>>> print(open('entry_31.csv').read())   # CSV, C-alpha atoms and all ligand atoms
chain,number,residue,atom,x,y,z
S,1,MET,CA,-65.6,135.1,42.2
S,2,ALA,CA,-66.5,131.6,41.1
S,3,GLN,CA,-69.3,129.9,42.9
S,4,VAL,CA,-68.0,127.7,45.7
S,5,SER,CA,-69.6,124.3,46.3
S,6,THR,CA,-70.2,123.7,50.0
S,7,CYS,CA,-72.1,121.2,52.0
S,8,ARG,CA,-73.7,123.7,54.3
S,9,HIS,CA,-77.1,123.7,52.8
S,10,ASN,CA,-77.4,120.0,53.3
S,11,ARG,CA,-78.8,119.8,56.8
S,12,ARG,CA,-80.1,116.3,56.5
S,13,VAL,CA,-76.8,114.4,56.5
S,14,ASP,CA,-73.6,115.5,58.3
S,15,TYR,CA,-71.2,114.2,55.7
S,16,CYS,CA,-69.3,116.1,53.0
S,17,GLY,CA,-66.4,114.4,51.2
S,18,ARG,CA,-64.2,115.6,48.5
S,19,PHE,CA,-61.6,114.4,45.9
S,20,ALA,CA,-58.8,116.9,45.4
S,21,PRO,CA,-56.5,115.9,42.6
S,22,SER,CA,-53.5,117.9,41.4
S,23,PRO,CA,-53.7,118.3,37.6
S,24,THR,CA,-50.2,116.9,37.1
S,25,GLY,CA,-51.4,114.2,34.7
S,26,PRO,CA,-54.3,112.0,33.9
S,27,LEU,CA,-56.0,109.8,36.5
S,28,HIS,CA,-54.2,106.5,36.9
S,29,PHE,CA,-55.2,103.3,38.8
S,30,GLY,CA,-53.8,104.7,42.1
S,31,SER,CA,-55.8,107.9,41.9
S,32,LEU,CA,-58.8,105.9,40.9
S,33,VAL,CA,-58.6,103.9,44.1
S,34,THR,CA,-58.5,107.2,46.1
S,35,ALA,CA,-61.4,108.7,44.2
S,36,LEU,CA,-63.5,105.6,44.4
S,37,GLY,CA,-62.8,105.2,48.2
S,38,SER,CA,-63.9,108.7,49.0
S,39,TRP,CA,-66.8,108.6,46.6
S,40,ILE,CA,-68.2,105.3,48.1
S,41,ASP,CA,-67.7,106.6,51.6
S,42,ALA,CA,-69.7,109.7,50.8
S,43,ARG,CA,-72.5,107.9,48.9
S,44,ALA,CA,-72.8,105.2,51.6
S,45,ALA,CA,-73.3,107.9,54.2
S,46,GLY,CA,-75.9,109.7,52.0
S,47,GLY,CA,-73.5,112.6,51.8
S,48,ARG,CA,-72.2,115.0,49.2
S,49,TRP,CA,-68.9,114.6,47.3
S,50,LEU,CA,-67.1,117.6,45.9
S,51,LEU,CA,-64.4,117.9,43.3
S,52,ARG,CA,-61.6,120.4,43.9
S,53,ILE,CA,-58.7,120.9,41.4
S,54,GLU,CA,-55.5,121.6,43.4
S,55,ASP,CA,-53.7,123.6,40.7
S,56,LEU,CA,-51.7,126.0,42.8
S,57,ASP,CA,-48.3,124.5,42.1
S,58,THR,CA,-48.4,126.0,38.6
S,59,PRO,CA,-45.0,124.7,37.4
S,60,ARG,CA,-46.3,121.1,38.0
S,61,ASN,CA,-49.7,121.6,36.2
S,62,VAL,CA,-50.1,119.8,32.9
S,63,GLU,CA,-52.2,121.4,30.2
S,64,GLY,CA,-55.5,119.6,29.8
S,65,ALA,CA,-55.0,117.3,32.8
S,66,ALA,CA,-57.8,118.8,34.9
S,67,GLN,CA,-60.3,118.3,32.0
S,68,ALA,CA,-59.0,114.7,31.5
S,69,ILE,CA,-59.4,113.9,35.2
S,70,GLN,CA,-63.0,115.2,35.1
S,71,ARG,CA,-63.8,113.2,32.0
S,72,THR,CA,-62.4,110.0,33.4
S,73,LEU,CA,-64.3,110.4,36.7
S,74,ALA,CA,-67.5,110.9,34.7
S,75,ASP,CA,-66.6,107.9,32.5
S,76,CYS,CA,-66.2,105.8,35.7
S,77,GLY,CA,-69.5,106.9,37.0
S,78,LEU,CA,-68.0,109.0,39.8
S,79,HIS,CA,-70.2,112.0,39.6
S,80,TRP,CA,-69.5,115.0,41.9
S,81,ASP,CA,-71.9,117.4,43.4
S,82,GLY,CA,-72.0,121.2,42.7
S,83,ALA,CA,-69.5,123.3,40.9
S,84,ILE,CA,-65.8,122.4,40.8
S,85,ILE,CA,-63.5,124.7,42.6
S,86,ARG,CA,-60.0,125.5,41.4
S,87,GLN,CA,-57.4,126.6,43.9
S,88,SER,CA,-55.8,128.9,41.4
S,89,GLU,CA,-58.9,131.1,41.7
S,90,ARG,CA,-58.8,131.3,45.5
S,91,ARG,CA,-55.4,132.9,46.3
S,92,GLU,CA,-57.1,135.8,48.1
S,93,ARG,CA,-58.5,133.3,50.6
S,94,TYR,CA,-55.1,131.9,51.3
S,95,ARG,CA,-53.6,135.3,51.6
S,96,ALA,CA,-56.3,136.3,54.2
S,97,ALA,CA,-55.4,133.2,56.2
S,98,LEU,CA,-51.7,133.9,56.0
S,99,GLU,CA,-52.4,137.5,57.1
S,100,GLN,CA,-54.3,136.2,60.1
S,101,LEU,CA,-51.4,133.9,61.1
S,102,VAL,CA,-48.9,136.8,60.8
S,103,ARG,CA,-51.2,139.2,62.7
S,104,GLU,CA,-51.6,136.7,65.5
S,105,GLY,CA,-47.8,136.0,65.7
S,106,HIS,CA,-48.0,132.5,64.3
S,107,ALA,CA,-46.2,133.0,61.0
S,108,TYR,CA,-43.0,134.9,60.1
S,109,GLY,CA,-40.9,135.7,57.1
S,110,CYS,CA,-37.8,133.6,56.6
S,111,ALA,CA,-34.8,134.6,54.5
S,112,CYS,CA,-32.9,131.3,54.6
S,113,THR,CA,-32.1,129.6,51.3
S,114,ARG,CA,-32.5,125.9,50.8
S,115,SER,CA,-28.7,125.4,50.9
S,116,GLU,CA,-28.3,127.3,54.1
S,117,ILE,CA,-31.0,125.2,55.7
S,118,ALA,CA,-29.6,121.9,54.3
S,119,ALA,CA,-26.1,122.8,55.7
S,120,VAL,CA,-27.3,122.6,59.3
S,121,ALA,CA,-30.6,120.7,59.4
S,122,THR,CA,-31.4,117.2,60.4
S,123,ILE,CA,-33.7,115.2,58.1
S,124,GLY,CA,-37.4,114.9,59.1
S,125,VAL,CA,-40.5,113.4,57.5
S,126,ASP,CA,-40.5,115.9,54.6
S,127,GLY,CA,-36.9,116.8,54.1
S,128,PRO,CA,-34.7,119.1,56.3
S,129,VAL,CA,-36.1,120.1,59.6
S,130,TYR,CA,-36.1,123.9,59.7
S,131,PRO,CA,-33.7,125.0,62.5
S,132,GLY,CA,-35.6,128.2,63.4
S,133,ARG,CA,-32.9,130.7,62.3
S,134,CYS,CA,-35.4,133.4,61.3
S,135,ARG,CA,-37.8,133.0,64.2
S,136,ASP,CA,-36.8,136.3,65.7
S,137,GLY,CA,-36.6,138.0,62.4
S,138,PRO,CA,-34.2,137.6,59.5
S,139,ALA,CA,-30.6,138.7,60.0
S,140,ALA,CA,-29.9,142.4,59.2
S,141,GLY,CA,-30.0,143.1,55.5
S,142,ARG,CA,-31.8,139.9,54.6
S,143,THR,CA,-35.2,139.9,53.0
S,144,PRO,CA,-37.8,137.3,53.8
S,145,ARG,CA,-38.4,134.8,50.9
S,146,ALA,CA,-40.9,132.4,52.4
S,147,TRP,CA,-43.3,132.5,55.3
S,148,ARG,CA,-43.3,129.8,58.0
S,149,VAL,CA,-45.6,128.8,60.8
S,150,ARG,CA,-44.1,128.6,64.2
S,151,VAL,CA,-44.5,125.1,65.8
S,152,ASP,CA,-43.8,123.8,69.3
S,153,GLY,CA,-43.0,120.5,71.0
S,154,THR,CA,-46.6,119.6,71.8
S,155,PRO,CA,-47.5,116.4,69.9
S,156,VAL,CA,-50.4,116.7,67.5
S,157,ALA,CA,-52.6,113.6,67.6
S,158,PHE,CA,-55.7,112.4,65.7
S,159,THR,CA,-57.6,109.2,65.3
S,160,ASP,CA,-57.6,108.1,61.7
S,161,ARG,CA,-60.6,105.9,60.8
S,162,ILE,CA,-58.3,103.3,59.2
S,163,HIS,CA,-55.0,103.7,61.0
S,164,GLY,CA,-56.2,104.5,64.5
S,165,ARG,CA,-54.2,107.0,66.6
S,166,VAL,CA,-51.5,108.9,64.8
S,167,GLU,CA,-49.3,111.3,66.6
S,168,GLN,CA,-46.5,113.7,65.3
S,169,GLN,CA,-44.3,116.2,67.0
S,170,LEU,CA,-44.1,118.9,64.5
S,171,GLU,CA,-41.0,120.4,66.0
S,172,THR,CA,-38.8,117.4,65.5
S,173,ALA,CA,-40.6,116.1,62.4
S,174,LEU,CA,-40.6,119.3,60.4
S,175,GLY,CA,-39.7,122.4,62.4
S,176,ASP,CA,-41.5,125.6,61.5
S,177,PHE,CA,-43.1,124.8,58.1
S,178,VAL,CA,-43.7,126.8,55.0
S,179,VAL,CA,-47.1,128.3,54.2
S,180,LEU,CA,-46.0,130.7,51.5
S,181,ARG,CA,-43.1,129.4,49.4
S,182,ALA,CA,-40.2,131.5,48.2
S,183,ASP,CA,-41.6,131.3,44.6
S,184,GLY,CA,-44.8,133.0,45.8
S,185,ILE,CA,-46.9,129.9,45.7
S,186,PHE,CA,-49.1,129.2,48.7
S,187,ALA,CA,-48.2,125.8,50.3
S,188,TYR,CA,-50.6,122.9,49.9
S,189,GLN,CA,-50.9,122.6,53.7
S,190,LEU,CA,-52.4,126.1,54.0
S,191,ALA,CA,-54.7,125.9,50.9
S,192,VAL,CA,-56.2,122.5,51.8
S,193,VAL,CA,-57.1,123.7,55.3
S,194,VAL,CA,-58.7,126.9,54.1
S,195,ASP,CA,-60.7,125.0,51.4
S,196,ASP,CA,-61.8,122.0,53.4
S,197,ALA,CA,-63.2,124.4,56.0
S,198,GLN,CA,-64.8,126.8,53.6
S,199,GLN,CA,-66.4,123.9,51.7
S,200,GLY,CA,-67.7,122.4,54.9
S,201,VAL,CA,-65.8,119.1,54.4
S,202,THR,CA,-66.5,116.7,57.2
S,203,ASP,CA,-64.6,113.7,55.9
S,204,VAL,CA,-61.2,113.7,54.2
S,205,VAL,CA,-60.6,110.3,52.6
S,206,ARG,CA,-57.3,110.3,50.7
S,207,GLY,CA,-54.1,108.5,50.1
S,208,ALA,CA,-51.9,107.4,53.0
S,209,ASP,CA,-49.0,109.3,51.4
S,210,LEU,CA,-50.6,112.3,53.1
S,211,LEU,CA,-50.8,110.8,56.6
S,212,ASP,CA,-47.6,112.8,57.5
S,213,SER,CA,-49.3,116.0,56.4
S,214,THR,CA,-52.4,115.7,58.5
S,215,PRO,CA,-50.9,116.9,61.8
S,216,ARG,CA,-49.7,120.0,60.0
S,217,GLN,CA,-53.2,120.6,58.7
S,218,ILE,CA,-54.8,120.0,62.1
S,219,TYR,CA,-52.3,122.4,63.7
S,220,LEU,CA,-53.2,125.1,61.1
S,221,GLN,CA,-56.9,124.4,61.7
S,222,ARG,CA,-56.4,125.1,65.4
S,223,LEU,CA,-54.4,128.3,64.8
S,224,LEU,CA,-57.0,129.6,62.3
S,225,GLY,CA,-60.0,128.5,64.5
S,226,LEU,CA,-61.3,126.1,61.9
S,227,PRO,CA,-63.0,122.7,62.5
S,228,THR,CA,-61.1,119.5,62.1
S,229,PRO,CA,-62.7,116.9,59.7
S,230,ARG,CA,-62.6,113.2,60.2
S,231,TYR,CA,-59.7,111.5,58.4
S,232,ALA,CA,-59.3,108.2,56.6
S,233,HIS,CA,-56.1,107.4,54.7
S,234,LEU,CA,-56.3,104.8,52.0
S,235,PRO,CA,-53.5,102.5,50.9
S,236,VAL,CA,-51.4,104.0,48.1
S,237,ILE,CA,-51.1,101.8,45.1
S,238,THR,CA,-47.6,100.8,44.2
S,239,ASN,CA,-46.2,99.1,41.1
S,240,ALA,CA,-44.2,95.9,41.1
S,241,LEU,CA,-41.1,97.8,42.1
S,242,GLY,CA,-42.8,99.2,45.1
S,243,GLN,CA,-43.0,102.7,43.7
S,244,LYS,CA,-46.2,104.8,44.1
S,245,LEU,CA,-48.1,105.0,40.8
S,246,SER,CA,-47.6,108.5,39.5
S,247,LYS,CA,-46.7,110.4,36.4
S,248,GLN,CA,-43.0,110.0,37.4
S,249,THR,CA,-43.3,106.2,37.6
S,250,ARG,CA,-45.1,106.3,34.2
S,251,ALA,CA,-48.4,105.0,35.5
S,252,ALA,CA,-50.8,104.4,32.7
S,253,ALA,CA,-53.9,106.7,32.2
S,254,ILE,CA,-57.3,105.1,32.9
S,255,ASP,CA,-58.9,103.8,29.8
S,256,ALA,CA,-62.6,104.5,30.1
S,257,ARG,CA,-63.4,101.3,28.2
S,258,GLU,CA,-61.9,99.3,31.0
S,259,ALA,CA,-63.9,101.1,33.7
S,260,PRO,CA,-65.8,98.1,35.1
S,261,ALA,CA,-62.6,96.0,35.4
S,262,LEU,CA,-60.7,98.8,36.9
S,263,LEU,CA,-63.4,99.7,39.4
S,264,ARG,CA,-63.5,96.0,40.5
S,265,ALA,CA,-59.7,96.0,40.9
S,266,ALA,CA,-59.9,99.2,42.9
S,267,LEU,CA,-62.5,97.6,45.2
S,268,ALA,CA,-60.1,94.7,45.7
S,269,ALA,CA,-57.4,97.1,46.7
S,270,LEU,CA,-59.7,98.6,49.2
S,271,GLY,CA,-60.4,95.1,50.8
S,272,GLN,CA,-64.0,95.1,49.8
S,273,ASP,CA,-66.4,92.3,48.6
S,274,LEU,CA,-66.4,92.1,44.9
S,275,PRO,CA,-69.4,92.3,42.6
S,276,PRO,CA,-69.5,89.7,39.7
S,277,ALA,CA,-66.9,90.4,37.1
S,278,SER,CA,-69.7,90.6,34.5
S,279,ALA,CA,-71.5,93.4,36.3
S,280,SER,CA,-71.9,96.7,34.5
S,281,ARG,CA,-70.1,99.9,35.7
S,282,ASP,CA,-73.2,101.2,37.4
S,283,ALA,CA,-74.0,97.8,38.9
S,284,MET,CA,-70.4,97.7,40.3
S,285,LEU,CA,-70.8,101.1,41.9
S,286,ALA,CA,-74.2,100.3,43.4
S,287,PHE,CA,-72.9,97.0,44.8
S,288,ALA,CA,-69.9,98.9,46.3
S,289,VAL,CA,-72.0,101.5,48.0
S,290,ALA,CA,-74.4,98.8,49.4
S,291,HIS,CA,-71.5,96.6,50.7
S,292,TRP,CA,-69.1,99.2,52.2
S,293,PRO,CA,-67.5,98.3,55.4
S,294,PRO,CA,-64.7,100.9,55.6
S,295,GLN,CA,-63.3,98.8,58.5
S,296,ARG,CA,-62.1,96.3,55.8
S,297,ILE,CA,-59.8,98.8,54.2
S,298,PRO,CA,-56.3,97.6,54.8
S,299,ALA,CA,-54.5,99.8,57.4
S,300,ARG,CA,-51.4,99.8,55.2
S,301,THR,CA,-49.8,102.8,53.7
S,302,ALA,CA,-49.1,101.0,50.5
S,303,ALA,CA,-50.5,98.1,48.6
S,304,THR,CA,-49.9,96.4,45.3
S,305,SER,CA,-53.2,95.4,43.9
S,306,PRO,CA,-53.1,91.7,42.8
S,307,ASP,CA,-56.1,92.4,40.7
S,308,SER,CA,-54.8,95.5,39.1
S,309,PRO,CA,-54.6,94.9,35.4
S,310,ALA,CA,-51.0,94.5,34.2
S,311,ARG,CA,-50.4,97.5,32.1
B,401,LIG,N1,-53.9,117.3,45.7
B,401,LIG,C1,-53.4,116.3,46.5
B,401,LIG,C2,-52.8,115.2,45.6
B,401,LIG,O1,-53.2,115.1,44.5
B,401,LIG,C3,-54.4,115.6,47.4
B,401,LIG,C4,-54.8,116.5,48.5
B,401,LIG,C5,-55.8,116.0,49.5
B,401,LIG,O2,-56.5,115.1,49.2
B,401,LIG,O3,-55.7,116.5,50.6
B,401,LIG,O4,-52.0,114.4,46.1
>>> encode(input="entry_31.csv", output="structure tokens")
Amino acid sequence: MAQVSTCRHNRRVDYCGRFAPSPTGPLHFGSLVTALGSWIDARAAGGRWLLRIEDLDTPRNVEGAAQAIQRTLADCGLHWDGAIIRQSERRERYRAALEQLVREGHAYGCACTRSEIAAVATIGVDGPVYPGRCRDGPAAGRTPRAWRVRVDGTPVAFTDRIHGRVEQQLETALGDFVVLRADGIFAYQLAVVVDDAQQGVTDVVRGADLLDSTPRQIYLQRLLGLPTPRYAHLPVITNALGQKLSKQTRAAAIDAREAPALLRAALAALGQDLPPASASRDAMLAFAVAHWPPQRIPARTAATSPDSPAR
């Protein structure tokens, strides 16, 4: 098994952060803002910063994207600690967690198809709310396709370092949610919880598009007896049309030659004081770490960066 980077051996500082990109394309300005925010937060705390490639959703993986992301992070001076872990090499861990959930009565096999669910479901934060049809076992003659975690009506709440108190009632927002998909792929929600715990991550700093996922992750942590990290959700960068920068919206890949200007624009998007435009890449990063009030990060889920270079 590949060596797994963890923060456990660092007893001096109780901080371990991580950047966990999905290799669906090269790093763009939006993912640079996320990477930079979590890197500065870790370095300002004297902590470690890990890189995890979230490549479980194999149909969405793009050949060479993981290597391109690594190269761009290094070109931008965002160096990670320890070995990189890849979720595709860790399926046994996710299987063990699922088995624990099933054994303890928290997860069950579901035979419903998407269209069966869509025909009766209300719409929640992440598509149709599962109506619970297979909770007591699939109907006779039906075979489970996916595995779901049973939720209840108790709200799950946490205090985000940027957004303050966030609360979600999983039952009305999602219903029993999927942890192993019908195509045999472990759901992001399960994998991220297993990995953050195993790597000893204390601080999750990531895009606010995942704010809605955090209560599911905290719920799973509780079911699995795992610690809950601190959370900070950064604004997601949108283009002029208000769309999240992504491969789908044709966001441009980071050009390493523009690293200092892009890092400065990313700091602006994070509401931080700006180093002189003439500063070198490493001087920008050193300035950013020395002047990091995370309280200045805008508590918005989305932001168009005025300084983001027109591309
Ligand atoms: N892999 C996820 C993404 O690229 C991020 C997961 C996380 O930071 O928890 O959107």
>>> closest_residue(input="entry_31.csv", among="S:Arg52, S:Phe29, S:Gly175, S:Leu220", to="Glu258 of chain S", atoms="only C-alpha atoms")
S:Phe29
>>> closest_residue(input="entry_31.csv", among="S:Gly17, S:Gly132, S:Gly207, S:Gly137", to="ligand LIG 401 (chain B)", atoms="all atoms listed in the file")
S:Gly207
>>> residues_near_ligand(input="entry_31.csv", ligand="ligand LIG 401 (chain B)", cutoff="9 Å", atoms="all atoms listed in the file", output="VMD selection string")
chain S and resid 18 to 24 31 34 52 to 55 188 to 189 192 to 193 196 204 to 207 209 to 210 213 to 214
>>> closest_atom_pairs(input="entry_31.csv", of="segment 150-242 of chain S", to="segment 102-121 of chain S", cutoff="12 Å", atoms="all atoms listed in the file", output="JSON lines")
{"residue": "S:Arg150", "atom": "CA", "partner": "S:His106", "partner_atom": "CA", "distance": 5.5}
{"residue": "S:Val151", "atom": "CA", "partner": "S:His106", "partner_atom": "CA", "distance": 8.3}
{"residue": "S:Asp152", "atom": "CA", "partner": "S:His106", "partner_atom": "CA", "distance": 10.9}
{"residue": "S:Thr172", "atom": "CA", "partner": "S:Ala121", "partner_atom": "CA", "distance": 10.7}
{"residue": "S:Ala173", "atom": "CA", "partner": "S:Ala121", "partner_atom": "CA", "distance": 11.4}
{"residue": "S:Leu174", "atom": "CA", "partner": "S:Ala121", "partner_atom": "CA", "distance": 10.1}
{"residue": "S:Gly175", "atom": "CA", "partner": "S:Ala121", "partner_atom": "CA", "distance": 9.7}
{"residue": "S:Asp176", "atom": "CA", "partner": "S:Ala107", "partner_atom": "CA", "distance": 8.8}
{"residue": "S:Phe177", "atom": "CA", "partner": "S:Ala107", "partner_atom": "CA", "distance": 9.2}
{"residue": "S:Val178", "atom": "CA", "partner": "S:Ala107", "partner_atom": "CA", "distance": 9.0}
{"residue": "S:Val179", "atom": "CA", "partner": "S:Ala107", "partner_atom": "CA", "distance": 8.3}
{"residue": "S:Leu180", "atom": "CA", "partner": "S:Gly109", "partner_atom": "CA", "distance": 9.1}
{"residue": "S:Arg181", "atom": "CA", "partner": "S:Cys110", "partner_atom": "CA", "distance": 9.9}
{"residue": "S:Ala182", "atom": "CA", "partner": "S:Ala111", "partner_atom": "CA", "distance": 8.9}
{"residue": "S:Asp183", "atom": "CA", "partner": "S:Thr113", "partner_atom": "CA", "distance": 11.7}
{"residue": "S:Leu190", "atom": "CA", "partner": "S:Ala107", "partner_atom": "CA", "distance": 11.6}
{"residue": "S:Tyr219", "atom": "CA", "partner": "S:His106", "partner_atom": "CA", "distance": 11.0}
{"residue": "S:Leu220", "atom": "CA", "partner": "S:His106", "partner_atom": "CA", "distance": 9.6}
{"residue": "S:Arg222", "atom": "CA", "partner": "S:His106", "partner_atom": "CA", "distance": 11.2}
{"residue": "S:Leu223", "atom": "CA", "partner": "S:His106", "partner_atom": "CA", "distance": 7.7}
{"residue": "S:Leu224", "atom": "CA", "partner": "S:Glu104", "partner_atom": "CA", "distance": 9.5}
{"residue": "S:Gly225", "atom": "CA", "partner": "S:Glu104", "partner_atom": "CA", "distance": 11.8}
>>> atom_distance(input="entry_31.csv", atom1="atom CA of Pro59 of chain S", atom2="atom CA of Arg250 of chain S")
18.7 Å
>>> atom_distance(input="entry_31.csv", atom1="atom CA of Gly46 of chain S", atom2="atom CA of Gln67 of chain S")
26.8 Å
>>> atom_distance(input="entry_31.csv", atom1="atom CA of Ala96 of chain S", atom2="atom CA of Thr143 of chain S")
21.4 Å
>>> closest_residue(input="entry_31.csv", among="S:Gln100, S:Gln169, S:Ser88, S:Asn239", to="Asp195 of chain S", atoms="only C-alpha atoms")
S:Ser88
>>> closest_residue(input="entry_31.csv", among="S:Ala232, S:Cys16, S:Leu263, S:Cys7", to="Thr159 of chain S", atoms="all atoms listed in the file")
S:Ala232
>>> closest_residue(input="entry_31.csv", among="S:Asp273, S:Gly164, S:Gly184, S:Pro128", to="Leu285 of chain S", atoms="only C-alpha atoms")
S:Asp273
>>> closest_residue(input="entry_31.csv", among="S:Gln87, S:Thr72, S:Thr122, S:Gln199", to="Leu36 of chain S", atoms="only C-alpha atoms")
S:Thr72
>>> build_atoms(input="entry_31.csv", residues="segment 82-102 of chain S", atoms="N, CA and C atoms", output="mmCIF file, keeping the file's coordinate frame")
data_model
loop_
_atom_site.group_PDB
_atom_site.id
_atom_site.type_symbol
_atom_site.label_atom_id
_atom_site.label_comp_id
_atom_site.auth_asym_id
_atom_site.auth_seq_id
_atom_site.Cartn_x
_atom_site.Cartn_y
_atom_site.Cartn_z
ATOM 1 N N GLY S 82 -72.295 119.709 42.742
ATOM 2 C CA GLY S 82 -72.000 121.200 42.700
ATOM 3 C C GLY S 82 -70.906 121.520 41.757
ATOM 4 N N ALA S 83 -70.516 122.787 41.837
ATOM 5 C CA ALA S 83 -69.500 123.300 40.900
ATOM 6 C C ALA S 83 -68.098 122.870 41.408
ATOM 7 N N ILE S 84 -67.202 122.707 40.438
ATOM 8 C CA ILE S 84 -65.800 122.400 40.800
ATOM 9 C C ILE S 84 -65.102 123.620 41.233
ATOM 10 N N ILE S 85 -64.280 123.529 42.264
ATOM 11 C CA ILE S 85 -63.500 124.700 42.600
ATOM 12 C C ILE S 85 -62.021 124.466 42.201
ATOM 13 N N ARG S 86 -61.374 125.561 41.832
ATOM 14 C CA ARG S 86 -60.000 125.500 41.400
ATOM 15 C C ARG S 86 -59.175 126.405 42.376
ATOM 16 N N GLN S 87 -58.132 125.839 42.949
ATOM 17 C CA GLN S 87 -57.400 126.600 43.900
ATOM 18 C C GLN S 87 -56.728 127.851 43.322
ATOM 19 N N SER S 88 -56.405 127.790 42.033
ATOM 20 C CA SER S 88 -55.800 128.900 41.400
ATOM 21 C C SER S 88 -56.655 130.172 41.406
ATOM 22 N N GLU S 89 -57.959 129.966 41.637
ATOM 23 C CA GLU S 89 -58.900 131.100 41.700
ATOM 24 C C GLU S 89 -59.148 131.596 43.085
ATOM 25 N N ARG S 90 -58.428 131.043 44.052
ATOM 26 C CA ARG S 90 -58.800 131.300 45.500
ATOM 27 C C ARG S 90 -57.600 131.880 46.260
ATOM 28 N N ARG S 91 -56.634 132.485 45.546
ATOM 29 C CA ARG S 91 -55.400 132.900 46.300
ATOM 30 C C ARG S 91 -55.742 133.984 47.326
ATOM 31 N N GLU S 92 -56.789 134.776 47.098
ATOM 32 C CA GLU S 92 -57.100 135.800 48.100
ATOM 33 C C GLU S 92 -57.508 135.192 49.433
ATOM 34 N N ARG S 93 -58.158 134.046 49.380
ATOM 35 C CA ARG S 93 -58.500 133.300 50.600
ATOM 36 C C ARG S 93 -57.299 132.887 51.386
ATOM 37 N N TYR S 94 -56.329 132.378 50.635
ATOM 38 C CA TYR S 94 -55.100 131.900 51.300
ATOM 39 C C TYR S 94 -54.314 133.044 51.866
ATOM 40 N N ARG S 95 -54.330 134.150 51.115
ATOM 41 C CA ARG S 95 -53.600 135.300 51.600
ATOM 42 C C ARG S 95 -54.244 135.830 52.905
ATOM 43 N N ALA S 96 -55.575 135.816 52.969
ATOM 44 C CA ALA S 96 -56.300 136.300 54.200
ATOM 45 C C ALA S 96 -55.884 135.373 55.374
ATOM 46 N N ALA S 97 -55.796 134.080 55.118
ATOM 47 C CA ALA S 97 -55.400 133.200 56.200
ATOM 48 C C ALA S 97 -53.995 133.421 56.652
ATOM 49 N N LEU S 98 -53.098 133.645 55.684
ATOM 50 C CA LEU S 98 -51.700 133.900 56.000
ATOM 51 C C LEU S 98 -51.634 135.230 56.849
ATOM 52 N N GLU S 99 -52.391 136.232 56.418
ATOM 53 C CA GLU S 99 -52.400 137.500 57.100
ATOM 54 C C GLU S 99 -52.851 137.321 58.582
ATOM 55 N N GLN S 100 -53.860 136.473 58.740
ATOM 56 C CA GLN S 100 -54.300 136.200 60.100
ATOM 57 C C GLN S 100 -53.228 135.543 60.938
ATOM 58 N N LEU S 101 -52.520 134.593 60.344
ATOM 59 C CA LEU S 101 -51.400 133.900 61.100
ATOM 60 C C LEU S 101 -50.337 134.894 61.453
ATOM 61 N N VAL S 102 -49.999 135.796 60.523
ATOM 62 C CA VAL S 102 -48.900 136.800 60.800
ATOM 63 C C VAL S 102 -49.384 137.739 61.885
#
